[in-house]
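What follows is one structure encoded as structure tokens, with my remarks underneath.
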Amino acid sequence: MKLIFLGAPGAGKGTIAKMVMKKYNTPQISTGDIFRENVKNETELGKKAKEYLDKGELVPDEITVGMVKERLSKDDCKNGYILDGFPRTIPQAEALEKIDKIDKVIDFQARDDVIIQRLSGRRTCRKCGAIFHIVNIPPKVEGVCDKCGGELIQRSDETEEVIKNRLEVYRKQTEPLINYYKKEGMLVGVDANTSPEPIFEETVKVLEKIGG
Ligand code: AMP
């Protein structure tokens, strides 16, 4: 199934996408992860994207769309994928329509207070990208990834100021996509205010329903 995971930063898209990927073997395509990987490796793309990531602004559409197009052309995307963090603007959604046909859009709905609490406590593995939270999903050993032993860090765009900007950017540029996909009859909402397990269970129910 070809899916879009929509929702504010911190709504749980990435965490749930990783759980769905494990259960169904569907690749998770996180544009944020791809950008961060490129910044870390100091590639040409990474150099272009860094200033936007640092401020919590969106990377320009033409760069992002080109990157996604290339990723979706890979063999592992033939039978389905989860787009996590893309599209984030109406022009990106329009460009995606020319690339592939999406089956459903899942909108992870979380309140602002929940989002801020999640983002400010989030820790990400520097090596494998696994996501933890100091209160909600604590690692077994503080500062160490359960999965690969890598160092857990706070993302540079998870300071209070940048979080605030990312939420504003979401409201202005990404939230209009909810109506866009609603009109197309593609949108399904999931209550994302609880914790990973119940959100995952609800997501699985939705997927089984639309998958037949
Ligand atoms: P995320 O990990 O999805 O929160 O993304 C982190 C950052 O990567 C965002 O704040 C943007 O700077 C950039 N980014 C990720 N996805 C997109 C996108 N679809 N369009 C533009 N910028 C993006």
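Going through the structure tokens in order, the chains are called A, B, and so on, while each chain numbers its residues from 1 and the ligands are numbered from 1 in the order shown.
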
Per residue of chain A within 9 Å of ligand 1, which atom pair is closest and at what distance in Å (one decimal), using only C-alpha atoms and all ligand atoms, listed by chain and increasing number, as JSON lines?
```
{"residue": "A:Ala8", "atom": "CA", "partner": "ligand 1", "partner_atom_place_in_ligand_line": "4 (O)", "distance": 8.3}
{"residue": "A:Pro9", "atom": "CA", "partner": "ligand 1", "partner_atom_place_in_ligand_line": "4 (O)", "distance": 5.3}
{"residue": "A:Gly10", "atom": "CA", "partner": "ligand 1", "partner_atom_place_in_ligand_line": "4 (O)", "distance": 7.6}
{"residue": "A:Lys13", "atom": "CA", "partner": "ligand 1", "partner_atom_place_in_ligand_line": "3 (O)", "distance": 8.5}
{"residue": "A:Gly14", "atom": "CA", "partner": "ligand 1", "partner_atom_place_in_ligand_line": "3 (O)", "distance": 7.8}
{"residue": "A:Ser30", "atom": "CA", "partner": "ligand 1", "partner_atom_place_in_ligand_line": "3 (O)", "distance": 6.4}
{"residue": "A:Thr31", "atom": "CA", "partner": "ligand 1", "partner_atom_place_in_ligand_line": "16 (N)", "distance": 4.4}
{"residue": "A:Gly32", "atom": "CA", "partner": "ligand 1", "partner_atom_place_in_ligand_line": "5 (O)", "distance": 3.5}
{"residue": "A:Asp33", "atom": "CA", "partner": "ligand 1", "partner_atom_place_in_ligand_line": "2 (O)", "distance": 5.8}
{"residue": "A:Ile34", "atom": "CA", "partner": "ligand 1", "partner_atom_place_in_ligand_line": "15 (C)", "distance": 8.2}
{"residue": "A:Phe35", "atom": "CA", "partner": "ligand 1", "partner_atom_place_in_ligand_line": "8 (O)", "distance": 6.0}
{"residue": "A:Arg36", "atom": "CA", "partner": "ligand 1", "partner_atom_place_in_ligand_line": "8 (O)", "distance": 7.2}
{"residue": "A:Ala49", "atom": "CA", "partner": "ligand 1", "partner_atom_place_in_ligand_line": "12 (O)", "distance": 7.2}
{"residue": "A:Lys50", "atom": "CA", "partner": "ligand 1", "partner_atom_place_in_ligand_line": "12 (O)", "distance": 7.9}
{"residue": "A:Glu51", "atom": "CA", "partner": "ligand 1", "partner_atom_place_in_ligand_line": "12 (O)", "distance": 8.3}
{"residue": "A:Tyr52", "atom": "CA", "partner": "ligand 1", "partner_atom_place_in_ligand_line": "12 (O)", "distance": 5.0}
{"residue": "A:Leu53", "atom": "CA", "partner": "ligand 1", "partner_atom_place_in_ligand_line": "12 (O)", "distance": 3.7}
{"residue": "A:Asp54", "atom": "CA", "partner": "ligand 1", "partner_atom_place_in_ligand_line": "12 (O)", "distance": 7.2}
{"residue": "A:Lys55", "atom": "CA", "partner": "ligand 1", "partner_atom_place_in_ligand_line": "12 (O)", "distance": 7.3}
{"residue": "A:Gly56", "atom": "CA", "partner": "ligand 1", "partner_atom_place_in_ligand_line": "10 (O)", "distance": 4.3}
{"residue": "A:Glu57", "atom": "CA", "partner": "ligand 1", "partner_atom_place_in_ligand_line": "12 (O)", "distance": 4.8}
{"residue": "A:Leu58", "atom": "CA", "partner": "ligand 1", "partner_atom_place_in_ligand_line": "22 (N)", "distance": 3.7}
{"residue": "A:Val59", "atom": "CA", "partner": "ligand 1", "partner_atom_place_in_ligand_line": "22 (N)", "distance": 3.9}
{"residue": "A:Pro60", "atom": "CA", "partner": "ligand 1", "partner_atom_place_in_ligand_line": "21 (C)", "distance": 6.0}
{"residue": "A:Asp61", "atom": "CA", "partner": "ligand 1", "partner_atom_place_in_ligand_line": "20 (N)", "distance": 6.2}
{"residue": "A:Ile63", "atom": "CA", "partner": "ligand 1", "partner_atom_place_in_ligand_line": "21 (C)", "distance": 8.3}
{"residue": "A:Thr64", "atom": "CA", "partner": "ligand 1", "partner_atom_place_in_ligand_line": "20 (N)", "distance": 5.6}
{"residue": "A:Val65", "atom": "CA", "partner": "ligand 1", "partner_atom_place_in_ligand_line": "19 (N)", "distance": 7.8}
{"residue": "A:Val68", "atom": "CA", "partner": "ligand 1", "partner_atom_place_in_ligand_line": "19 (N)", "distance": 8.7}
{"residue": "A:Asp84", "atom": "CA", "partner": "ligand 1", "partner_atom_place_in_ligand_line": "3 (O)", "distance": 6.8}
{"residue": "A:Gly85", "atom": "CA", "partner": "ligand 1", "partner_atom_place_in_ligand_line": "3 (O)", "distance": 4.4}
{"residue": "A:Phe86", "atom": "CA", "partner": "ligand 1", "partner_atom_place_in_ligand_line": "19 (N)", "distance": 3.9}
{"residue": "A:Pro87", "atom": "CA", "partner": "ligand 1", "partner_atom_place_in_ligand_line": "19 (N)", "distance": 4.8}
{"residue": "A:Arg88", "atom": "CA", "partner": "ligand 1", "partner_atom_place_in_ligand_line": "19 (N)", "distance": 4.6}
{"residue": "A:Thr89", "atom": "CA", "partner": "ligand 1", "partner_atom_place_in_ligand_line": "20 (N)", "distance": 7.1}
{"residue": "A:Gln92", "atom": "CA", "partner": "ligand 1", "partner_atom_place_in_ligand_line": "19 (N)", "distance": 7.3}
{"residue": "A:Asp157", "atom": "CA", "partner": "ligand 1", "partner_atom_place_in_ligand_line": "10 (O)", "distance": 7.3}
{"residue": "A:Val162", "atom": "CA", "partner": "ligand 1", "partner_atom_place_in_ligand_line": "10 (O)", "distance": 8.7}
{"residue": "A:Ile163", "atom": "CA", "partner": "ligand 1", "partner_atom_place_in_ligand_line": "10 (O)", "distance": 8.9}
{"residue": "A:Asn165", "atom": "CA", "partner": "ligand 1", "partner_atom_place_in_ligand_line": "10 (O)", "distance": 8.9}
{"residue": "A:Arg166", "atom": "CA", "partner": "ligand 1", "partner_atom_place_in_ligand_line": "10 (O)", "distance": 6.0}
{"residue": "A:Val169", "atom": "CA", "partner": "ligand 1", "partner_atom_place_in_ligand_line": "10 (O)", "distance": 8.5}
```

Next, dump the selected residues to file, keeping only C-alpha atoms, as a tab-separated table (two decimals), in the first residue's frame.
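Result saved to selection.tsv:
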```tsv
chain	number	residue	atom	x	y	z
A	8	ALA	CA	2.50	18.02	12.94
A	9	PRO	CA	6.12	17.47	13.98
A	10	GLY	CA	5.91	15.32	17.11
A	13	LYS	CA	4.47	9.84	12.35
A	14	GLY	CA	8.06	8.63	12.47
A	30	SER	CA	11.29	10.01	5.84
A	31	THR	CA	12.39	13.15	4.03
A	32	GLY	CA	13.64	14.53	7.37
A	33	ASP	CA	15.86	11.44	7.86
A	34	ILE	CA	17.20	11.69	4.30
A	35	PHE	CA	18.03	15.38	4.77
A	36	ARG	CA	19.71	14.73	8.14
A	49	ALA	CA	19.41	21.71	3.10
A	50	LYS	CA	21.33	22.50	6.30
A	51	GLU	CA	20.37	26.18	6.70
A	52	TYR	CA	16.67	25.32	6.40
A	53	LEU	CA	16.82	22.43	8.84
A	54	ASP	CA	18.68	24.52	11.41
A	55	LYS	CA	15.94	27.15	11.37
A	56	GLY	CA	13.02	24.73	11.18
A	57	GLU	CA	12.06	26.08	7.75
A	58	LEU	CA	11.04	23.90	4.82
A	59	VAL	CA	13.65	22.99	2.23
A	60	PRO	CA	12.51	24.42	-1.16
A	61	ASP	CA	10.01	22.26	-3.02
A	63	ILE	CA	14.99	20.15	-4.02
A	64	THR	CA	12.63	18.04	-1.91
A	65	VAL	CA	10.51	16.78	-4.80
A	68	VAL	CA	11.63	12.01	-3.28
A	84	ASP	CA	6.73	10.23	6.45
A	85	GLY	CA	7.08	14.02	6.32
A	86	PHE	CA	6.25	14.40	2.64
A	87	PRO	CA	4.33	16.15	1.14
A	88	ARG	CA	4.43	19.20	3.37
A	89	THR	CA	3.06	21.81	0.95
A	92	GLN	CA	4.62	19.05	-3.18
A	157	ASP	CA	16.11	21.50	15.53
A	162	VAL	CA	13.10	26.00	16.57
A	163	ILE	CA	10.22	23.77	17.76
A	165	ASN	CA	8.97	27.80	14.36
A	166	ARG	CA	8.44	24.26	13.05
A	169	VAL	CA	5.52	26.39	9.54
```

(request) Point out the residue among A:Glu202, A:Glu160, A:Glu151, A:Asp107 with the least atom-to-atom distance to Asn179 in chain A, counting only C-alpha atoms. (result)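 Among the listed residues, A:Asp107 lies closest to Asn179 in chain A.
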
(request) Between CA of Phe200 in chain A and CA of Lys183 in chain A, measure the distance and give it in Å to one decimal. (result)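 Computing the Euclidean distance for CA of Phe200 in chain A and CA of Lys183 in chain A yields 25.5 Å.
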
(request) Name the residues of range 33-195 of chain A that come out as alpha helix (DSSP H) in a backbone DSSP run; write them as a ChimeraX atom specification. (result) /A:33-40,44-55,61-72,90-99,112-121,160-169,176-183

(request) Enumerate the residues of chain A with a DSSP assignment of strand (DSSP E), computed from the backbone, and present them as a VMD selection string. (result) chain A and resid 2 to 7 28 to 30 81 to 84 104 to 109 122 to 125 131 to 133 152 to 153 187 to 191

(request) Mind giving me the straight-line distance from CA of Lys164 in chain A to CA of Val39 in chain A in Å, one decimal? (result) 21.9 Å

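Within 8 Å of range 16-28 of chain A there are Phe5, Asp76, Cys77, Gly80, Tyr81, Ile82, Leu83, Asp84, Pro196, Ile199, Phe200 and Val204 of chain A, counting only C-alpha atoms and ignoring same-chain residues fewer than 5 positions away.
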
(request) For Gly149 in chain A, please output as a VMD selection string all residues within 10 Å (counting only C-alpha atoms; exclusion window: fewer than 5 positions along the same chain). (result) chain A and resid 125 to 128 141 143 to 144

(request) Name the closest residue to Arg155 in chain A among the candidates A:Lys74, A:Arg171, A:Arg122, A:Lys47; distances are taken between atoms, counting only C-alpha atoms. (result) A:Arg122

(request) Would you work out the distance separating CA of Ala11 in chain A from CA of Asp191 in chain A, expressed in Å to one decimal? (result) 9.5 Å

(request) Considering only C-alpha atoms, state which residue in the set A:Leu96, A:Leu119, A:Ile29, A:Ile106 is at the smallest distance from Gly185 in chain A. (result)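 Smallest distance to Gly185 in chain A is found for A:Ile106.
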
(message) Residues within 7 Å of Asp103 in chain A, please, as a list of chain:residue names. Count only C-alpha atoms; anything in the same chain fewer than 2 positions from it doesn't count.
(response) A:Met1, A:Lys2, A:Leu3, A:Lys101
